[in-house]
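J.: A single structure is presented below for examination.
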Amino acid sequence: MPGQWLSWWPDALAWPWALALCLLPPLLLLLPPRRRAAAALRVPWPLARTASSTRGGWVWRSVLWLAWALLCVALARPQQYGPPQQPPVQTRQLMLALDLSGSMSEVDMRLGGRPAARIVVARAVLDDFLARRRGDQVGLVVFGQQAHVMAPVTRDLDSVRAQLADAVVGLAGQETAIGDAVALAVKRLRNQQQGQRVLVLLTDGVNTAGVIDPRKAAELAAHDRVRIYTIAFGGEGGRRLFGLSLPSARNSLDEESLRQMAQLTGGQFFRARNSDELAGIYARIDGLEPVEVAAAVQRLRLERYPPWLAAALALLALAVLLRGRQ
């Protein structure tokens, strides 16, 4: 029985100030007696009056005081801490690499029923992809002739979307440094936990700049356990003469190299020729990379005032019985 009572002993009080009310009955006894029956302040407690000197009156008054003290404890809301809980949360840690080379200005896409440049469609699809992330950590690398980190891996996806909106063709040069972009993204992902490193690379061309070969960059990614998903993006593009497409370097796509990069790292290669295909690819990647991580430790607070309130009510009932016998 004592052990059962100790199991209800509180770890904390939600309203500890309520314990000060325990001093109210003794303070009322210190008030000077009133000669007139109609007092300025009426107290509903009989113990405010001068109790009789009989043994029964003393017991009755003690029971009332104890009942009042238990009521004050119940009012203070005793609480116990539940066991620590650390529920897993599903999240993803991704680095997005976006091509900003000159060929991304090619107008061979449609968005909202109107012709649109590749970069406009890519930004729109990526913005929608970021808007639907919940609890994910995402970073953004852009590349042209050089590669730059526009946003580190962060949970503040609004800032990533703001940086994405500022990504324009030519910001990093007109050429395409795919290898440098992959190497930079891998470097930024090294601080993430193993098994949770993912790079999604979107490009519409071939590697024409930079100091690191794409295959070598993919080998570095595989060594650091960074999985790469490559997306070859672009429609027909190019200039036309009498309805015929003219050869254009801006039109070329090294799909084989992108496919090898994905295979080396355990990722996948995708080909997107329009906005719908691109949106579908990011939706598939969304389903491919769920990661469970531990959330912050939580301890539930359990209310433990009922036994204190029940004891107070029982003592009040006892006080009524004792008063009736006097």
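Ordered as shown in the structure tokens, chains take letters A, B, and onward, while each chain numbers its residues from 1 and ligands are numbered from 1 in the order shown.
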Just want the 10 Å neighbourhood of A:Arg227, counted on only C-alpha atoms, with same-chain residues fewer than 3 positions away dropped. Output as a PyMOL selection string.
T.: chain A and resi 94+186+195-200+218+221-222+224+230+261-268+289
J.: Within 7 Å of stretch 115-128 of chain A, counting only C-alpha atoms, which residues show up once you throw out same-chain ones fewer than 6 positions away? Write them as a list of chain:residue names, please.
T.: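 Listing them by chain and then by number gives A:Met104, A:Ser105, A:Glu106, A:Val107, A:Asp108, A:Met109, A:Arg161, A:Leu164, A:Gly234, A:Ser275, A:Ala279.
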J.: With C-alpha atoms retained, write the just-selected residues as a PDB file, in the first residue's frame.
T.:
ATOM      1  CA  MET A 104      18.835  26.252 -70.032  1.00  0.00           C
ATOM      2  CA  SER A 105      17.423  29.395 -71.673  1.00  0.00           C
ATOM      3  CA  GLU A 106      16.223  27.269 -74.616  1.00  0.00           C
ATOM      4  CA  VAL A 107      12.455  27.759 -75.104  1.00  0.00           C
ATOM      5  CA  ASP A 108      11.319  24.213 -75.907  1.00  0.00           C
ATOM      6  CA  MET A 109       8.975  23.600 -72.961  1.00  0.00           C
ATOM      7  CA  ARG A 161      12.932  28.486 -52.250  1.00  0.00           C
ATOM      8  CA  LEU A 164      15.899  29.101 -56.081  1.00  0.00           C
ATOM      9  CA  GLY A 234      15.278  19.058 -72.390  1.00  0.00           C
ATOM     10  CA  SER A 275       7.270  19.677 -67.455  1.00  0.00           C
ATOM     11  CA  ALA A 279       7.266  16.707 -62.096  1.00  0.00           C
TER      12      ALA A 279
END
J.: By how many Å are atom CA of A:Val153 and atom CA of A:Asn191 apart?
T.: 9.8 Å
J.: Give me every strand (DSSP E) residue in stretch 91-182 of chain A, going by DSSP on the backbone, as number ranges by chain.
T.: A: 91, 93-99, 109-111, 114-116, 137-143, 147-154
J.: Just N, CA and C atoms for this one: save the residues we selected as an mmCIF file, in the first residue's frame.
T.:
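Final output, again-v4.cif:
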data_model
loop_
_atom_site.group_PDB
_atom_site.id
_atom_site.type_symbol
_atom_site.label_atom_id
_atom_site.label_comp_id
_atom_site.auth_asym_id
_atom_site.auth_seq_id
_atom_site.Cartn_x
_atom_site.Cartn_y
_atom_site.Cartn_z
ATOM 1 N N THR A 91 12.126 11.711 -42.538
ATOM 2 C CA THR A 91 12.675 12.914 -43.138
ATOM 3 C C THR A 91 13.618 12.528 -44.273
ATOM 4 N N GLN A 93 17.249 14.015 -46.466
ATOM 5 C CA GLN A 93 18.346 14.966 -46.527
ATOM 6 C C GLN A 93 18.857 14.965 -47.949
ATOM 7 N N LEU A 94 18.529 16.013 -48.685
ATOM 8 C CA LEU A 94 18.785 16.069 -50.117
ATOM 9 C C LEU A 94 19.611 17.297 -50.473
ATOM 10 N N MET A 95 20.443 17.146 -51.481
ATOM 11 C CA MET A 95 21.101 18.265 -52.119
ATOM 12 C C MET A 95 20.638 18.303 -53.568
ATOM 13 N N LEU A 96 20.082 19.434 -53.990
ATOM 14 C CA LEU A 96 19.614 19.612 -55.355
ATOM 15 C C LEU A 96 20.681 20.352 -56.146
ATOM 16 N N ALA A 97 21.033 19.844 -57.317
ATOM 17 C CA ALA A 97 21.997 20.497 -58.200
ATOM 18 C C ALA A 97 21.275 20.907 -59.473
ATOM 19 N N LEU A 98 21.292 22.205 -59.787
ATOM 20 C CA LEU A 98 20.538 22.753 -60.914
ATOM 21 C C LEU A 98 21.482 23.384 -61.923
ATOM 22 N N ASP A 99 21.340 22.983 -63.171
ATOM 23 C CA ASP A 99 22.137 23.503 -64.284
ATOM 24 C C ASP A 99 21.643 24.909 -64.656
ATOM 25 N N MET A 109 9.894 24.166 -73.946
ATOM 26 C CA MET A 109 8.975 23.600 -72.961
ATOM 27 C C MET A 109 7.665 24.376 -72.978
ATOM 28 N N ARG A 110 6.691 23.804 -72.280
ATOM 29 C CA ARG A 110 5.420 24.504 -72.102
ATOM 30 C C ARG A 110 5.050 24.465 -70.627
ATOM 31 N N LEU A 111 4.564 25.595 -70.148
ATOM 32 C CA LEU A 111 4.166 25.708 -68.755
ATOM 33 C C LEU A 111 2.877 26.518 -68.697
ATOM 34 N N ARG A 114 1.647 27.627 -72.187
ATOM 35 C CA ARG A 114 2.414 28.620 -72.946
ATOM 36 C C ARG A 114 3.865 28.164 -73.083
ATOM 37 N N PRO A 115 4.544 28.591 -74.148
ATOM 38 C CA PRO A 115 5.964 28.253 -74.304
ATOM 39 C C PRO A 115 6.775 28.816 -73.135
ATOM 40 N N ALA A 116 7.769 28.044 -72.705
ATOM 41 C CA ALA A 116 8.588 28.467 -71.566
ATOM 42 C C ALA A 116 9.994 27.933 -71.729
ATOM 43 N N GLN A 137 15.456 18.116 -44.900
ATOM 44 C CA GLN A 137 16.602 19.017 -44.973
ATOM 45 C C GLN A 137 17.086 19.028 -46.410
ATOM 46 N N VAL A 138 17.119 20.206 -47.019
ATOM 47 C CA VAL A 138 17.429 20.331 -48.441
ATOM 48 C C VAL A 138 18.437 21.452 -48.645
ATOM 49 N N GLY A 139 19.376 21.238 -49.570
ATOM 50 C CA GLY A 139 20.330 22.266 -49.981
ATOM 51 C C GLY A 139 20.270 22.448 -51.482
ATOM 52 N N LEU A 140 20.891 23.520 -51.988
ATOM 53 C CA LEU A 140 20.832 23.839 -53.414
ATOM 54 C C LEU A 140 22.214 24.230 -53.924
ATOM 55 N N VAL A 141 22.662 23.521 -54.961
ATOM 56 C CA VAL A 141 23.895 23.844 -55.677
ATOM 57 C C VAL A 141 23.522 24.214 -57.108
ATOM 58 N N VAL A 142 24.050 25.304 -57.614
ATOM 59 C CA VAL A 142 23.841 25.682 -59.012
ATOM 60 C C VAL A 142 25.177 25.628 -59.723
ATOM 61 N N PHE A 143 25.144 25.360 -61.006
ATOM 62 C CA PHE A 143 26.401 25.245 -61.735
ATOM 63 C C PHE A 143 26.230 25.683 -63.188
ATOM 64 N N ALA A 147 30.669 25.955 -60.138
ATOM 65 C CA ALA A 147 29.621 25.445 -59.245
ATOM 66 C C ALA A 147 29.622 26.270 -57.957
ATOM 67 N N HIS A 148 28.421 26.586 -57.462
ATOM 68 C CA HIS A 148 28.274 27.401 -56.262
ATOM 69 C C HIS A 148 27.175 26.815 -55.374
ATOM 70 N N VAL A 149 27.330 26.961 -54.067
ATOM 71 C CA VAL A 149 26.283 26.581 -53.125
ATOM 72 C C VAL A 149 25.397 27.793 -52.891
ATOM 73 N N MET A 150 24.159 27.714 -53.335
ATOM 74 C CA MET A 150 23.219 28.807 -53.095
ATOM 75 C C MET A 150 22.515 28.662 -51.760
ATOM 76 N N ALA A 151 22.382 27.426 -51.279
ATOM 77 C CA ALA A 151 21.749 27.196 -49.970
ATOM 78 C C ALA A 151 22.328 25.913 -49.380
ATOM 79 N N PRO A 152 22.887 25.961 -48.160
ATOM 80 C CA PRO A 152 23.376 24.734 -47.527
ATOM 81 C C PRO A 152 22.205 23.847 -47.117
ATOM 82 N N VAL A 153 22.506 22.615 -46.745
ATOM 83 C CA VAL A 153 21.460 21.696 -46.301
ATOM 84 C C VAL A 153 20.822 22.257 -45.031
ATOM 85 N N THR A 154 19.518 22.507 -45.085
ATOM 86 C CA THR A 154 18.828 23.171 -43.985
ATOM 87 C C THR A 154 17.370 22.746 -43.945
#
J.: With only C-alpha atoms as the counted atoms, please give the residues lying no more than 8 Å from A:Leu253, apart from itself and same-chain residues fewer than 6 positions off, as number ranges by chain.
T.: A: 204-206, 232
J.: Taking N, CA and C atoms for each residue, export the selection above as a CSV table (one decimal), in the first residue's frame.
T.:
chain,number,residue,atom,x,y,z
A,204,ASP,N,20.9,19.8,-68.7
A,204,ASP,CA,20.4,19.6,-70.1
A,204,ASP,C,21.6,19.5,-71.1
A,205,GLY,N,22.8,19.2,-70.6
A,205,GLY,CA,23.9,19.2,-71.5
A,205,GLY,C,25.0,18.2,-71.1
A,206,VAL,N,26.2,18.5,-71.6
A,206,VAL,CA,27.3,17.6,-71.3
A,206,VAL,C,28.4,18.4,-70.6
A,232,ALA,N,18.3,14.0,-67.0
A,232,ALA,CA,18.6,14.6,-68.3
A,232,ALA,C,17.3,15.3,-68.8
J.: Could you go through stretch 66-241 of chain A and tell me which residues DSSP, when run on the backbone, assigns to helix (DSSP H, G or I), listing them as a ChimeraX atom specification?
T.: /A:66-75,102-105,118-131,157-165,178-189,214-223
J.: Calculated over only C-alpha atoms, which of the candidates A:Arg259, A:Cys22, A:Ala14, A:Leu309 has the smallest distance to A:Trp65?
T.: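 The answer is A:Cys22, which sits nearest to A:Trp65.
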J.: What is the distance between atom CA of A:Leu66 and atom CA of A:Leu31, in Å to one decimal?
T.: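 Straight-line distance from atom CA of A:Leu66 to atom CA of A:Leu31 works out to 20.4 Å.
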J.: Looking at A:Ala319, A:Leu21, A:Leu157, A:Leu201, which one is nearest to A:Ala181, with distances taken over only C-alpha atoms?
T.: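 Nearest to A:Ala181: A:Leu201.
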